[in-house]
$ cat run36.cif   # mmCIF, C-alpha atoms
data_final
loop_
_atom_site.label_atom_id
_atom_site.label_comp_id
_atom_site.auth_asym_id
_atom_site.auth_seq_id
_atom_site.Cartn_x
_atom_site.Cartn_y
_atom_site.Cartn_z
CA MET K 731 94.62 51.87 -137.77
CA THR K 732 95.72 48.51 -136.38
CA THR K 733 94.51 45.17 -137.77
CA ILE K 734 94.06 41.66 -136.38
CA LYS K 735 96.77 39.24 -137.49
CA GLN K 736 95.68 36.08 -135.72
CA LEU K 737 93.03 34.65 -133.37
CA ARG K 738 93.61 31.55 -131.23
CA LEU K 739 90.83 29.69 -129.39
CA ARG K 740 91.11 26.78 -126.98
CA GLY K 741 88.25 25.42 -124.85
CA PHE K 742 86.02 28.36 -125.83
CA LYS K 743 82.40 27.43 -126.57
CA SER K 744 82.45 24.98 -129.53
CA PHE K 745 86.27 24.90 -129.86
CA PRO K 746 87.61 22.18 -127.49
CA LYS K 747 91.04 21.99 -129.11
CA LEU K 748 93.43 24.75 -130.14
CA VAL K 749 92.21 26.53 -133.28
CA GLU K 750 94.29 29.23 -134.99
CA ILE K 751 92.54 31.61 -137.39
CA PRO K 752 94.89 33.82 -139.45
CA PHE K 753 93.73 37.21 -140.75
CA GLU K 754 95.38 38.42 -143.94
CA ASN K 755 95.58 41.95 -145.34
CA GLY K 756 92.41 43.08 -147.04
CA TYR K 757 88.93 41.62 -146.62
CA ASN K 758 88.54 38.43 -144.54
CA CYS K 759 85.39 36.33 -144.49
CA ILE K 760 84.37 33.33 -142.37
CA ILE K 761 81.72 31.08 -143.94
CA GLY K 762 80.10 27.85 -142.85
CA SER K 763 76.82 26.08 -142.23
CA ASN K 764 74.46 26.92 -139.40
CA GLY K 765 75.92 25.85 -136.04
CA ALA K 766 79.46 25.63 -137.38
CA GLY K 767 80.63 28.28 -134.87
CA LYS K 768 80.87 31.45 -136.98
CA SER K 769 79.20 33.59 -134.30
CA ASN K 770 81.42 31.97 -131.66
CA VAL K 771 84.44 33.48 -133.44
CA VAL K 772 82.92 36.97 -133.09
CA ASP K 773 82.04 36.17 -129.45
CA ALA K 774 85.67 35.14 -128.89
CA ILE K 775 86.89 38.50 -130.23
CA CYS K 776 84.48 40.37 -127.92
CA PHE K 777 85.51 38.10 -125.04
CA VAL K 778 89.26 38.67 -125.39
CA LEU K 779 88.79 42.43 -125.81
CA GLY K 780 87.34 42.50 -122.26
CA LYS K 781 83.57 42.44 -122.67
CA ILE K 782 82.10 41.88 -119.20
CA SER K 783 78.47 40.93 -119.90
CA ALA K 784 78.16 37.17 -120.45
CA LYS K 785 74.68 37.61 -121.91
CA SER K 786 76.08 39.79 -124.70
CA LEU K 787 78.26 36.76 -125.52
CA ARG K 788 75.14 34.58 -125.62
CA ALA K 789 75.82 32.83 -122.30
CA GLU K 790 74.10 32.82 -118.91
CA LYS K 791 77.39 33.22 -117.04
CA SER K 792 81.11 33.35 -117.75
CA ALA K 793 81.64 29.67 -116.83
CA ASN K 794 79.23 28.69 -119.64
CA LEU K 795 81.75 30.02 -122.17
CA ILE K 796 83.94 26.97 -121.42
CA TYR K 797 83.51 23.96 -123.72
CA HIS K 798 81.09 21.60 -121.91
CA GLY K 799 82.12 18.41 -123.71
CA GLY K 800 79.06 17.90 -125.88
CA LYS K 801 77.52 14.43 -125.84
CA LYS K 802 80.70 12.35 -125.81
CA GLY K 803 83.57 14.80 -125.42
CA GLN K 804 85.57 15.70 -122.30
CA PRO K 805 84.71 19.12 -120.75
CA ALA K 806 87.50 21.69 -120.81
CA LYS K 807 88.95 23.00 -117.53
CA GLU K 808 89.23 26.56 -118.86
CA ALA K 809 88.68 28.68 -121.94
CA GLN K 810 91.43 30.80 -123.47
CA VAL K 811 91.35 33.21 -126.38
CA ASP K 812 94.42 35.01 -127.77
CA ILE K 813 94.25 37.85 -130.28
CA VAL K 814 97.33 39.24 -132.03
CA PHE K 815 97.26 42.85 -133.30
CA ASP K 816 99.58 44.46 -135.84
CA ASN K 817 101.67 47.17 -134.21
CA SER K 818 103.93 48.02 -137.12
CA LYS K 819 102.48 51.56 -137.15
CA ASN K 820 102.89 51.93 -133.37
CA ASP K 821 99.16 52.15 -132.70
CA PHE K 822 99.88 50.81 -129.23
CA PRO K 823 102.44 52.51 -126.94
CA ILE K 824 104.61 49.40 -126.61
CA LYS K 825 107.77 48.09 -128.22
CA GLY K 826 107.40 45.42 -130.90
CA ASN K 827 105.52 44.90 -134.14
CA GLU K 828 102.83 42.76 -132.49
CA LEU K 829 100.57 42.96 -129.46
CA LYS K 830 99.17 39.76 -128.00
CA VAL K 831 96.12 40.03 -125.75
CA SER K 832 94.95 36.92 -123.88
CA ARG K 833 92.01 36.20 -121.64
CA ILE K 834 91.47 32.99 -119.64
CA VAL K 835 88.25 32.13 -117.80
CA LYS K 836 88.11 29.41 -115.10
CA GLN K 837 85.21 27.19 -114.03
CA ASN K 838 84.47 29.56 -111.12
CA GLY K 839 83.95 32.43 -113.59
CA ASN K 840 87.13 34.35 -112.72
CA SER K 841 89.07 35.79 -115.66
CA THR K 842 92.81 36.34 -116.10
CA TYR K 843 94.15 38.90 -118.60
CA LYS K 844 97.58 38.91 -120.20
CA LEU K 845 99.52 41.30 -122.44
CA ASN K 846 102.31 39.54 -124.32
CA ASP K 847 102.00 36.66 -121.79
CA ASP K 848 102.38 39.03 -118.78
CA VAL K 849 99.47 38.94 -116.31
CA VAL K 850 97.70 42.32 -116.06
CA THR K 851 94.33 43.70 -114.96
CA ARG K 852 91.33 44.19 -117.22
CA GLN K 853 91.61 47.96 -116.84
CA GLN K 854 95.18 47.87 -118.11
CA VAL K 855 94.01 45.92 -121.18
CA VAL K 856 91.10 48.33 -121.80
CA ASP K 857 93.37 51.37 -121.40
CA LEU K 858 95.94 49.96 -123.83
CA LEU K 859 93.27 49.04 -126.40
CA GLY K 860 91.77 52.50 -125.98
CA GLN K 861 95.03 53.97 -127.29
CA ALA K 862 94.11 52.37 -130.66
CA LYS K 863 90.44 53.38 -130.31
CA ILE K 864 89.30 49.83 -129.55
CA ASP K 865 86.48 49.63 -127.00
CA PRO K 866 85.12 46.23 -125.85
CA ASP K 867 81.68 47.79 -125.40
CA GLY K 868 81.97 50.08 -128.42
CA HIS K 869 80.96 49.65 -132.05
CA ASN K 870 84.14 48.19 -133.49
CA ILE K 871 82.13 44.99 -133.89
CA ILE K 872 78.60 45.02 -135.34
CA LEU K 873 76.71 42.04 -133.96
CA GLN K 874 73.58 40.37 -135.27
CA GLY K 875 70.55 42.64 -135.05
CA ASP K 876 72.58 45.84 -134.50
CA ILE K 877 71.54 47.32 -137.92
CA ILE K 878 67.85 46.56 -137.34
CA HIS K 879 68.10 47.97 -133.83
CA PHE K 880 69.76 51.11 -135.20
CA MET K 881 66.94 51.62 -137.72
CA GLU K 882 64.30 51.21 -135.01
CA MET K 883 65.95 53.74 -132.68
CA LYS K 884 64.43 57.11 -131.88
CA PRO K 885 66.21 60.15 -133.37
CA GLU K 886 67.66 61.15 -129.98
CA GLU K 887 68.97 57.65 -129.31
CA ARG K 888 70.41 57.51 -132.83
CA ARG K 889 72.14 60.87 -132.31
CA GLU K 890 73.64 59.66 -129.02
CA LEU K 891 74.87 56.52 -130.76
CA MET K 892 76.41 58.57 -133.57
CA GLU K 893 78.13 60.79 -131.00
CA GLU K 894 79.42 57.69 -129.25
CA ILE K 895 80.77 56.28 -132.54
CA ALA K 896 82.30 59.66 -133.42
CA GLY K 897 83.97 59.76 -130.00
CA ILE K 898 82.11 62.81 -128.70
CA SER K 899 80.39 60.92 -125.89
CA ILE K 900 83.79 60.05 -124.46
CA TYR K 901 84.46 63.71 -123.80
CA GLU K 902 80.98 64.12 -122.33
CA ASP K 903 81.71 61.21 -120.01
CA LYS K 904 85.06 62.75 -119.11
CA LYS K 905 83.35 66.08 -118.52
CA GLN K 906 80.76 64.45 -116.29
CA LYS K 907 83.48 62.59 -114.40
CA ALA K 908 85.40 65.85 -114.00
CA MET K 909 82.25 67.58 -112.68
CA ASN K 910 81.70 64.71 -110.25
CA GLU K 911 85.31 64.95 -109.13
CA LEU K 912 84.91 68.72 -108.75
CA GLU K 913 81.84 68.22 -106.57
CA LYS K 914 83.80 65.73 -104.47
CA VAL K 915 86.68 68.22 -104.15
CA ASP K 916 84.24 71.01 -103.11
CA SER K 917 82.72 68.66 -100.57
CA LYS K 918 86.17 67.81 -99.25
CA LEU K 919 87.07 71.53 -99.10
CA ASN K 920 83.93 72.20 -97.05
CA GLU K 921 84.81 69.31 -94.78
CA ALA K 922 88.37 70.61 -94.48
CA SER K 923 87.07 74.10 -93.64
CA ILE K 924 84.82 72.67 -90.93
CA ILE K 925 87.69 70.57 -89.58
CA LEU K 926 89.99 73.64 -89.67
CA THR K 927 87.45 75.66 -87.66
CA GLU K 928 87.22 72.83 -85.16
CA ARG K 929 91.01 72.65 -84.99
CA GLU K 930 91.27 76.40 -84.31
CA THR K 931 88.77 76.05 -81.46
CA TYR K 932 90.72 73.07 -80.21
CA MET K 933 93.99 75.05 -80.45
CA LYS K 934 92.50 77.85 -78.35
CA GLU K 935 91.42 75.29 -75.78
CA LEU K 936 94.90 73.77 -75.80
CA LYS K 937 96.48 77.23 -75.32
CA ARG K 938 94.25 77.85 -72.31
CA GLU K 939 95.16 74.43 -70.91
CA ARG K 940 98.86 75.17 -71.57
CA ASP K 941 98.65 78.45 -69.62
CA GLN K 942 96.94 76.64 -66.76
CA ALA K 943 99.63 73.93 -66.89
CA GLU K 944 102.42 76.54 -66.69
CA LYS K 945 100.73 78.21 -63.72
CA HIS K 946 100.31 74.80 -62.15
CA ASN K 947 104.02 74.10 -62.63
CA GLU K 948 104.94 77.40 -60.96
CA ILE K 949 102.69 76.60 -57.99
CA GLU K 950 104.14 73.09 -57.81
CA SER K 951 107.66 74.58 -57.76
CA ASP K 952 106.70 76.82 -54.82
CA ILE K 953 105.08 73.87 -53.07
CA LYS K 954 108.24 71.79 -53.54
CA SER K 955 110.39 74.61 -52.10
CA ASN K 956 108.08 74.99 -49.09
CA LYS K 957 107.97 71.24 -48.66
CA ALA K 958 111.77 71.14 -48.65
CA THR K 959 111.91 73.76 -45.85
CA TYR K 960 109.21 71.94 -43.87
CA LEU K 961 110.98 68.60 -44.34
CA HIS K 962 114.27 70.14 -43.17
CA LEU K 963 112.62 71.31 -39.96
CA GLN K 964 110.99 67.93 -39.48
CA ILE K 965 114.32 66.15 -40.04
CA LYS K 966 116.05 68.37 -37.47
CA ASP K 967 113.30 67.67 -34.94
CA ARG K 968 113.46 63.93 -35.65
CA GLU K 969 117.26 63.92 -35.25
CA GLU K 970 116.95 65.52 -31.81
CA LYS K 971 114.36 62.93 -30.82
CA LYS K 972 116.58 60.19 -32.25
CA ASP K 973 119.49 61.34 -30.00
CA GLU K 974 117.22 61.20 -26.92
CA ILE K 975 115.98 57.75 -27.89
CA GLU K 976 119.52 56.47 -28.49
CA LYS K 977 120.50 57.75 -25.01
CA LYS K 978 117.56 55.88 -23.46
CA ILE K 979 118.44 52.77 -25.49
CA LYS K 980 121.99 52.89 -24.13
CA GLU K 981 120.70 53.13 -20.53
CA GLN K 982 118.28 50.27 -21.13
CA THR K 983 121.07 48.21 -22.73
CA ASN K 984 123.24 48.62 -19.63
CA GLU K 985 120.32 47.63 -17.41
CA ARG K 986 119.64 44.63 -19.65
CA ASP K 987 123.28 43.50 -19.44
CA LYS K 988 123.11 43.68 -15.66
CA HIS K 989 119.96 41.54 -15.56
CA GLU K 990 121.44 39.09 -18.07
CA SER K 991 124.45 38.64 -15.79
CA GLU K 992 122.15 37.84 -12.86
CA ILE K 993 120.12 35.47 -15.04
CA ASN K 994 123.28 33.60 -16.10
CA GLU K 995 124.29 33.10 -12.45
CA ILE K 996 120.79 31.76 -11.66
CA LYS K 997 121.01 29.45 -14.66
CA LYS K 998 124.35 28.08 -13.45
CA TYR K 999 122.84 27.44 -9.97
CA ILE K 1000 119.84 25.67 -11.57
CA ALA K 1001 122.17 23.56 -13.74
CA SER K 1002 124.17 22.42 -10.69
CA LYS K 1003 120.96 21.46 -8.86
CA LYS K 1004 119.77 19.57 -11.92
CA ASN K 1005 122.99 17.57 -11.95
CA GLU K 1006 122.51 16.69 -8.28
CA LEU K 1007 118.91 15.65 -8.98
CA SER K 1008 120.01 13.50 -11.93
CA GLY K 1009 122.54 11.68 -9.70
CA ILE K 1010 119.88 11.00 -7.03
CA ASN K 1011 117.50 9.66 -9.70
CA LYS K 1012 120.15 7.31 -11.07
CA GLU K 1013 120.87 6.02 -7.54
CA ILE K 1014 117.17 5.41 -6.94
CA GLU K 1015 116.86 3.58 -10.25
CA SER K 1016 119.89 1.36 -9.55
CA LYS K 1017 118.56 0.39 -6.08
CA GLY K 1018 115.00 -0.20 -7.28
CA GLU K 1019 116.04 -2.38 -10.21
CA VAL K 1020 116.84 -5.49 -7.98
CA GLU K 1021 113.48 -5.27 -6.23
CA GLN K 1022 111.70 -4.93 -9.54
CA LYS K 1023 113.45 -8.02 -10.93
CA LYS K 1024 112.44 -10.07 -7.87
CA ILE K 1025 108.85 -8.90 -8.18
CA HIS K 1026 108.85 -9.82 -11.88
CA VAL K 1027 110.10 -13.35 -11.04
CA ASP K 1028 107.36 -13.81 -8.42
CA ILE K 1029 104.76 -12.55 -10.87
CA GLU K 1030 105.92 -15.05 -13.50
CA LYS K 1031 105.76 -17.91 -10.94
CA LEU K 1032 102.26 -16.88 -9.94
CA LYS K 1033 101.21 -16.76 -13.62
CA ILE K 1034 102.56 -20.31 -14.14
CA ASP K 1035 100.73 -21.58 -11.02
CA ILE K 1036 97.54 -19.94 -12.21
CA VAL K 1037 97.85 -21.63 -15.60
CA LYS K 1038 98.51 -25.05 -13.95
CA ASN K 1039 95.62 -24.68 -11.53
CA SER K 1040 93.34 -23.55 -14.38
CA THR K 1041 94.29 -26.67 -16.35
CA ARG K 1042 93.73 -28.90 -13.28
CA LEU K 1043 90.39 -27.23 -12.69
CA GLU K 1044 89.31 -27.86 -16.26
CA THR K 1045 90.38 -31.57 -15.92
CA CYS K 1046 88.43 -31.95 -12.69
CA ASN K 1047 85.37 -30.34 -14.18
CA SER K 1048 85.59 -32.75 -17.12
CA GLU K 1049 85.87 -35.76 -14.75
CA LEU K 1050 82.97 -34.43 -12.71
CA GLU K 1051 80.82 -34.16 -15.84
CA LYS K 1052 81.68 -37.76 -16.75
CA ILE K 1053 80.84 -38.94 -13.20
CA ASN K 1054 77.51 -37.09 -13.31
CA ALA K 1055 76.72 -38.67 -16.67
CA ARG K 1056 77.60 -42.12 -15.30
CA LYS K 1057 75.49 -41.43 -12.22
CA LYS K 1058 72.50 -40.55 -14.39
CA GLN K 1059 73.00 -43.73 -16.44
CA LEU K 1060 73.20 -45.88 -13.26
CA GLU K 1061 70.10 -44.21 -11.86
CA LYS K 1062 68.28 -45.00 -15.07
CA SER K 1063 69.42 -48.63 -14.92
CA LEU K 1064 68.32 -48.79 -11.26
CA ASP K 1065 64.87 -47.55 -12.18
CA GLU K 1066 64.60 -50.17 -14.86
CA ARG K 1067 65.65 -52.91 -12.39
CA ASN K 1068 63.15 -51.68 -9.88
CA LYS K 1069 60.44 -51.87 -12.51
CA GLU K 1070 61.48 -55.39 -13.44
CA LEU K 1071 61.34 -56.38 -9.76
#
$ encode --input "run36.cif" --output "structure tokens"
Amino acid sequence: MTTIKQLRLRGFKSFPKLVEIPFENGYNCIIGSNGAGKSNVVDAICFVLGKISAKSLRAEKSANLIYHGGKKGQPAKEAQVDIVFDNSKNDFPIKGNELKVSRIVKQNGNSTYKLNDDVVTRQQVVDLLGQAKIDPDGHNIILQGDIIHFMEMKPEERRELMEEIAGISIYEDKKQKAMNELEKVDSKLNEASIILTERETYMKELKRERDQAEKHNEIESDIKSNKATYLHLQIKDREEKKDEIEKKIKEQTNERDKHESEINEIKKYIASKKNELSGINKEIESKGEVEQKKIHVDIEKLKIDIVKNSTRLETCNSELEKINARKKQLEKSLDERNKEL
């Protein structure tokens, strides 16, 4: 049977700093006053062996296992416990005279397990410890109140506990697991049988569809052959029609060339007449330009005379207004003289 060689605690419960507890051969005893942390050492052993329930470690949750700092101390970021087993008798199926098991819990409650500083899963740790008959939920460790609880048990419960300690219950559990697996296998066989029946029905349906597809392909082949013959006849008929149309196109092309020749002659005649008309227009423009210049000169003279006469008219009107004003003034003076007389 393997033995514990050393236990290391850091940040676990009441151990803020690294504490190393050596275990010698023979009987080891931890003593101290109340509240010194003796039970915390046992909790640390249960913790590192993989115990899941935080309440069994006297904590509400896994994060509460981390040192909280007390009244004046600094809280720890994580809690780590290492336990070193003696493997000189090869109790564990590994190489080496020692086996180091570590467990680290973070503030979020997640745990990390290590075997000889290599990260592993909890199940790997439990399986390896099981090789040496160490069970985190077993009775390798007798906690406070376990003896009293054992004495208060009913005979049946006590027998079950004895079977569990003796290792019989493990085989019962394995048997039950095997029966459960067998039921699952039977269920899967039934499902497979049902699926196989469905597949056979489906295969028959596929065979029928395949036969129909082959018949369809044969009919399609005949249709293609008949279509080829029909298309050949249509092509021959279209070629004959094409020859007739090409003959008509040739006749129409000759007729079109004849008309185009006539049109070109007419265009030449029109072009010559246009040239004659252009010459006549130029002659008319050259002769009419002198008359237009003379008319423009007369119009300018008339515009100047109009401006002069308009200015003279405005001057006369202004003089007339002055004369009328003077006349009114004289008439007013005459009335005053008449009144004086």
$ closest_residue --input "run36.cif" --among "K:Gln837, K:Ser1008, K:Asn817, K:Thr851" --to "Asn794 in chain K" --atoms "all atoms listed in the file"
K:Gln837
$ atom_distance --input "run36.cif" --atom1 "CA of Val778 in chain K" --atom2 "CA of Phe753 in chain K"
16.1 Å
$ residues_around --input "run36.cif" --residues "range 820-825 of chain K" --least-positions-apart "6" --cutoff "9 Å" --atoms "only C-alpha atoms" --output "list in words"
Met731, Thr732, Leu858, Leu859, Gly860, Gln861 and Ala862 of chain K
$ write_last_selection --input "run36.cif" --atoms "C-alpha atoms" --output "PDB file, keeping the file's coordinate frame"
ATOM      1  CA  MET K 731      94.620  51.870-137.770  1.00  0.00           C
ATOM      2  CA  THR K 732      95.720  48.510-136.380  1.00  0.00           C
ATOM      3  CA  LEU K 858      95.940  49.960-123.830  1.00  0.00           C
ATOM      4  CA  LEU K 859      93.270  49.040-126.400  1.00  0.00           C
ATOM      5  CA  GLY K 860      91.770  52.500-125.980  1.00  0.00           C
ATOM      6  CA  GLN K 861      95.030  53.970-127.290  1.00  0.00           C
ATOM      7  CA  ALA K 862      94.110  52.370-130.660  1.00  0.00           C
TER       8      ALA K 862
END
$ residues_near_point --input "run36.cif" --point "(79.8, 34.5, -132.0)" --cutoff "8 Å" --atoms "all atoms listed in the file" --output "PyMOL selection string"
chain K and resi 767-774+787-788
$ closest_residue --input "run36.cif" --among "K:Lys972, K:Lys807, K:Arg986, K:Lys801" --to "Val835 in chain K" --atoms "only C-alpha atoms"
K:Lys807
$ closest_residue --input "run36.cif" --among "K:Gly741, K:Gly780, K:Gly756, K:Gly1009" --to "Pro866 in chain K" --atoms "all atoms listed in the file"
K:Gly780
$ atom_distance --input "run36.cif" --atom1 "CA of Pro746 in chain K" --atom2 "CA of His798 in chain K"
8.6 Å
$ closest_residue --input "run36.cif" --among "K:Ile760, K:Gln854, K:Ser991, K:Gln810" --to "Arg740 in chain K" --atoms "only C-alpha atoms"
K:Gln810
$ atom_distance --input "run36.cif" --atom1 "CA of Lys907 in chain K" --atom2 "CA of Leu926 in chain K"
27.9 Å
$ resolve_selection --input "run36.cif" --expression "the PyMOL selection byres ((chain K and resi 749) around 8)" --output "JSON, numbers by chain"
{"K": [738, 739, 740, 745, 747, 748, 750, 751]}
$ write_last_selection --input "run36.cif" --atoms "C-alpha atoms" --output "short mmCIF file (atom, residue, chain, number, x, y, z; two decimals), in the coordinates of the input"
data_model
loop_
_atom_site.label_atom_id
_atom_site.label_comp_id
_atom_site.auth_asym_id
_atom_site.auth_seq_id
_atom_site.Cartn_x
_atom_site.Cartn_y
_atom_site.Cartn_z
CA ARG K 738 93.61 31.55 -131.23
CA LEU K 739 90.83 29.69 -129.39
CA ARG K 740 91.11 26.78 -126.98
CA PHE K 745 86.27 24.90 -129.86
CA LYS K 747 91.04 21.99 -129.11
CA LEU K 748 93.43 24.75 -130.14
CA GLU K 750 94.29 29.23 -134.99
CA ILE K 751 92.54 31.61 -137.39
#
$ closest_residue --input "run36.cif" --among "K:Ala922, K:Ile796, K:Ile734, K:Ser818" --to "Lys830 in chain K" --atoms "all atoms listed in the file"
K:Ile734
$ residues_near_point --input "run36.cif" --point "(96.0, 44.2, -140.3)" --cutoff "7 Å" --atoms "only C-alpha atoms" --output "list in words"
Thr732, Thr733, Ile734, Lys735, Glu754, Asn755 and Asp816 of chain K
$ closest_residue --input "run36.cif" --among "K:Lys904, K:His1026, K:Lys781, K:Lys743" --to "Gln853 in chain K" --atoms "only C-alpha atoms"
K:Lys781
$ decode --input "run36.cif" --residues "range 796-865 of chain K" --atoms "C-alpha atoms" --output "PDB file, in the first residue's frame"
ATOM      1  CA  ILE K 796      -9.135  30.266  -1.278  1.00  0.00           C
ATOM      2  CA  TYR K 797      -7.542  32.264   1.551  1.00  0.00           C
ATOM      3  CA  HIS K 798      -9.697  35.393   1.973  1.00  0.00           C
ATOM      4  CA  GLY K 799      -7.062  37.551   3.661  1.00  0.00           C
ATOM      5  CA  GLY K 800      -8.455  37.610   7.180  1.00  0.00           C
ATOM      6  CA  LYS K 801      -8.732  41.010   8.840  1.00  0.00           C
ATOM      7  CA  LYS K 802      -5.471  42.555   7.617  1.00  0.00           C
ATOM      8  CA  GLY K 803      -3.989  40.080   5.159  1.00  0.00           C
ATOM      9  CA  GLN K 804      -4.032  40.136   1.345  1.00  0.00           C
ATOM     10  CA  PRO K 805      -6.486  37.657  -0.293  1.00  0.00           C
ATOM     11  CA  ALA K 806      -4.891  34.925  -2.376  1.00  0.00           C
ATOM     12  CA  LYS K 807      -5.599  34.734  -6.127  1.00  0.00           C
ATOM     13  CA  GLU K 808      -5.794  30.929  -6.087  1.00  0.00           C
ATOM     14  CA  ALA K 809      -5.450  27.918  -3.833  1.00  0.00           C
ATOM     15  CA  GLN K 810      -3.076  25.066  -4.597  1.00  0.00           C
ATOM     16  CA  VAL K 811      -2.499  21.778  -2.807  1.00  0.00           C
ATOM     17  CA  ASP K 812       0.178  19.234  -3.784  1.00  0.00           C
ATOM     18  CA  ILE K 813       0.361  15.716  -2.371  1.00  0.00           C
ATOM     19  CA  VAL K 814       3.335  13.415  -2.958  1.00  0.00           C
ATOM     20  CA  PHE K 815       2.794   9.629  -2.789  1.00  0.00           C
ATOM     21  CA  ASP K 816       5.433   6.927  -2.385  1.00  0.00           C
ATOM     22  CA  ASN K 817       5.617   4.762  -5.496  1.00  0.00           C
ATOM     23  CA  SER K 818       8.608   2.631  -4.572  1.00  0.00           C
ATOM     24  CA  LYS K 819       6.362  -0.458  -4.640  1.00  0.00           C
ATOM     25  CA  ASN K 820       4.835   0.532  -8.008  1.00  0.00           C
ATOM     26  CA  ASP K 821       1.348   1.037  -6.589  1.00  0.00           C
ATOM     27  CA  PHE K 822       0.732   3.452  -9.454  1.00  0.00           C
ATOM     28  CA  PRO K 823       1.300   2.403 -13.089  1.00  0.00           C
ATOM     29  CA  ILE K 824       3.880   5.126 -13.752  1.00  0.00           C
ATOM     30  CA  LYS K 825       7.646   5.358 -13.829  1.00  0.00           C
ATOM     31  CA  GLY K 826       9.375   6.882 -10.804  1.00  0.00           C
ATOM     32  CA  ASN K 827       9.469   6.410  -7.052  1.00  0.00           C
ATOM     33  CA  GLU K 828       7.091   9.321  -6.413  1.00  0.00           C
ATOM     34  CA  LEU K 829       3.736  10.527  -7.693  1.00  0.00           C
ATOM     35  CA  LYS K 830       2.845  14.182  -7.321  1.00  0.00           C
ATOM     36  CA  VAL K 831      -0.834  15.131  -7.566  1.00  0.00           C
ATOM     37  CA  SER K 832      -1.757  18.830  -7.675  1.00  0.00           C
ATOM     38  CA  ARG K 833      -5.033  20.679  -7.721  1.00  0.00           C
ATOM     39  CA  ILE K 834      -5.469  24.432  -8.252  1.00  0.00           C
ATOM     40  CA  VAL K 835      -8.755  26.302  -7.796  1.00  0.00           C
ATOM     41  CA  LYS K 836      -9.322  29.814  -9.222  1.00  0.00           C
ATOM     42  CA  GLN K 837     -11.586  32.614  -7.975  1.00  0.00           C
ATOM     43  CA  ASN K 838     -14.251  31.582 -10.507  1.00  0.00           C
ATOM     44  CA  GLY K 839     -14.389  28.095  -8.950  1.00  0.00           C
ATOM     45  CA  ASN K 840     -12.704  26.247 -11.834  1.00  0.00           C
ATOM     46  CA  SER K 841     -10.150  23.608 -10.869  1.00  0.00           C
ATOM     47  CA  THR K 842      -6.983  22.470 -12.654  1.00  0.00           C
ATOM     48  CA  TYR K 843      -5.469  19.036 -11.991  1.00  0.00           C
ATOM     49  CA  LYS K 844      -1.866  18.017 -12.546  1.00  0.00           C
ATOM     50  CA  LEU K 845       0.087  14.749 -12.380  1.00  0.00           C
ATOM     51  CA  ASN K 846       3.807  15.339 -11.922  1.00  0.00           C
ATOM     52  CA  ASP K 847       3.225  18.959 -13.084  1.00  0.00           C
ATOM     53  CA  ASP K 848       1.445  17.831 -16.297  1.00  0.00           C
ATOM     54  CA  VAL K 849      -2.107  19.172 -16.704  1.00  0.00           C
ATOM     55  CA  VAL K 850      -4.695  16.371 -16.793  1.00  0.00           C
ATOM     56  CA  THR K 851      -8.431  15.918 -16.210  1.00  0.00           C
ATOM     57  CA  ARG K 852     -10.031  15.006 -12.900  1.00  0.00           C
ATOM     58  CA  GLN K 853     -11.089  11.627 -14.289  1.00  0.00           C
ATOM     59  CA  GLN K 854      -7.489  10.809 -15.161  1.00  0.00           C
ATOM     60  CA  VAL K 855      -6.464  11.632 -11.572  1.00  0.00           C
ATOM     61  CA  VAL K 856      -9.311   9.540 -10.110  1.00  0.00           C
ATOM     62  CA  ASP K 857      -8.505   6.604 -12.402  1.00  0.00           C
ATOM     63  CA  LEU K 858      -4.814   6.698 -11.471  1.00  0.00           C
ATOM     64  CA  LEU K 859      -5.575   6.932  -7.741  1.00  0.00           C
ATOM     65  CA  GLY K 860      -8.043   4.083  -8.134  1.00  0.00           C
ATOM     66  CA  GLN K 861      -5.152   1.840  -9.186  1.00  0.00           C
ATOM     67  CA  ALA K 862      -3.880   2.200  -5.587  1.00  0.00           C
ATOM     68  CA  LYS K 863      -7.402   1.847  -4.147  1.00  0.00           C
ATOM     69  CA  ILE K 864      -7.660   5.543  -3.264  1.00  0.00           C
ATOM     70  CA  ASP K 865     -11.137   7.006  -3.756  1.00  0.00           C
TER      71      ASP K 865
END
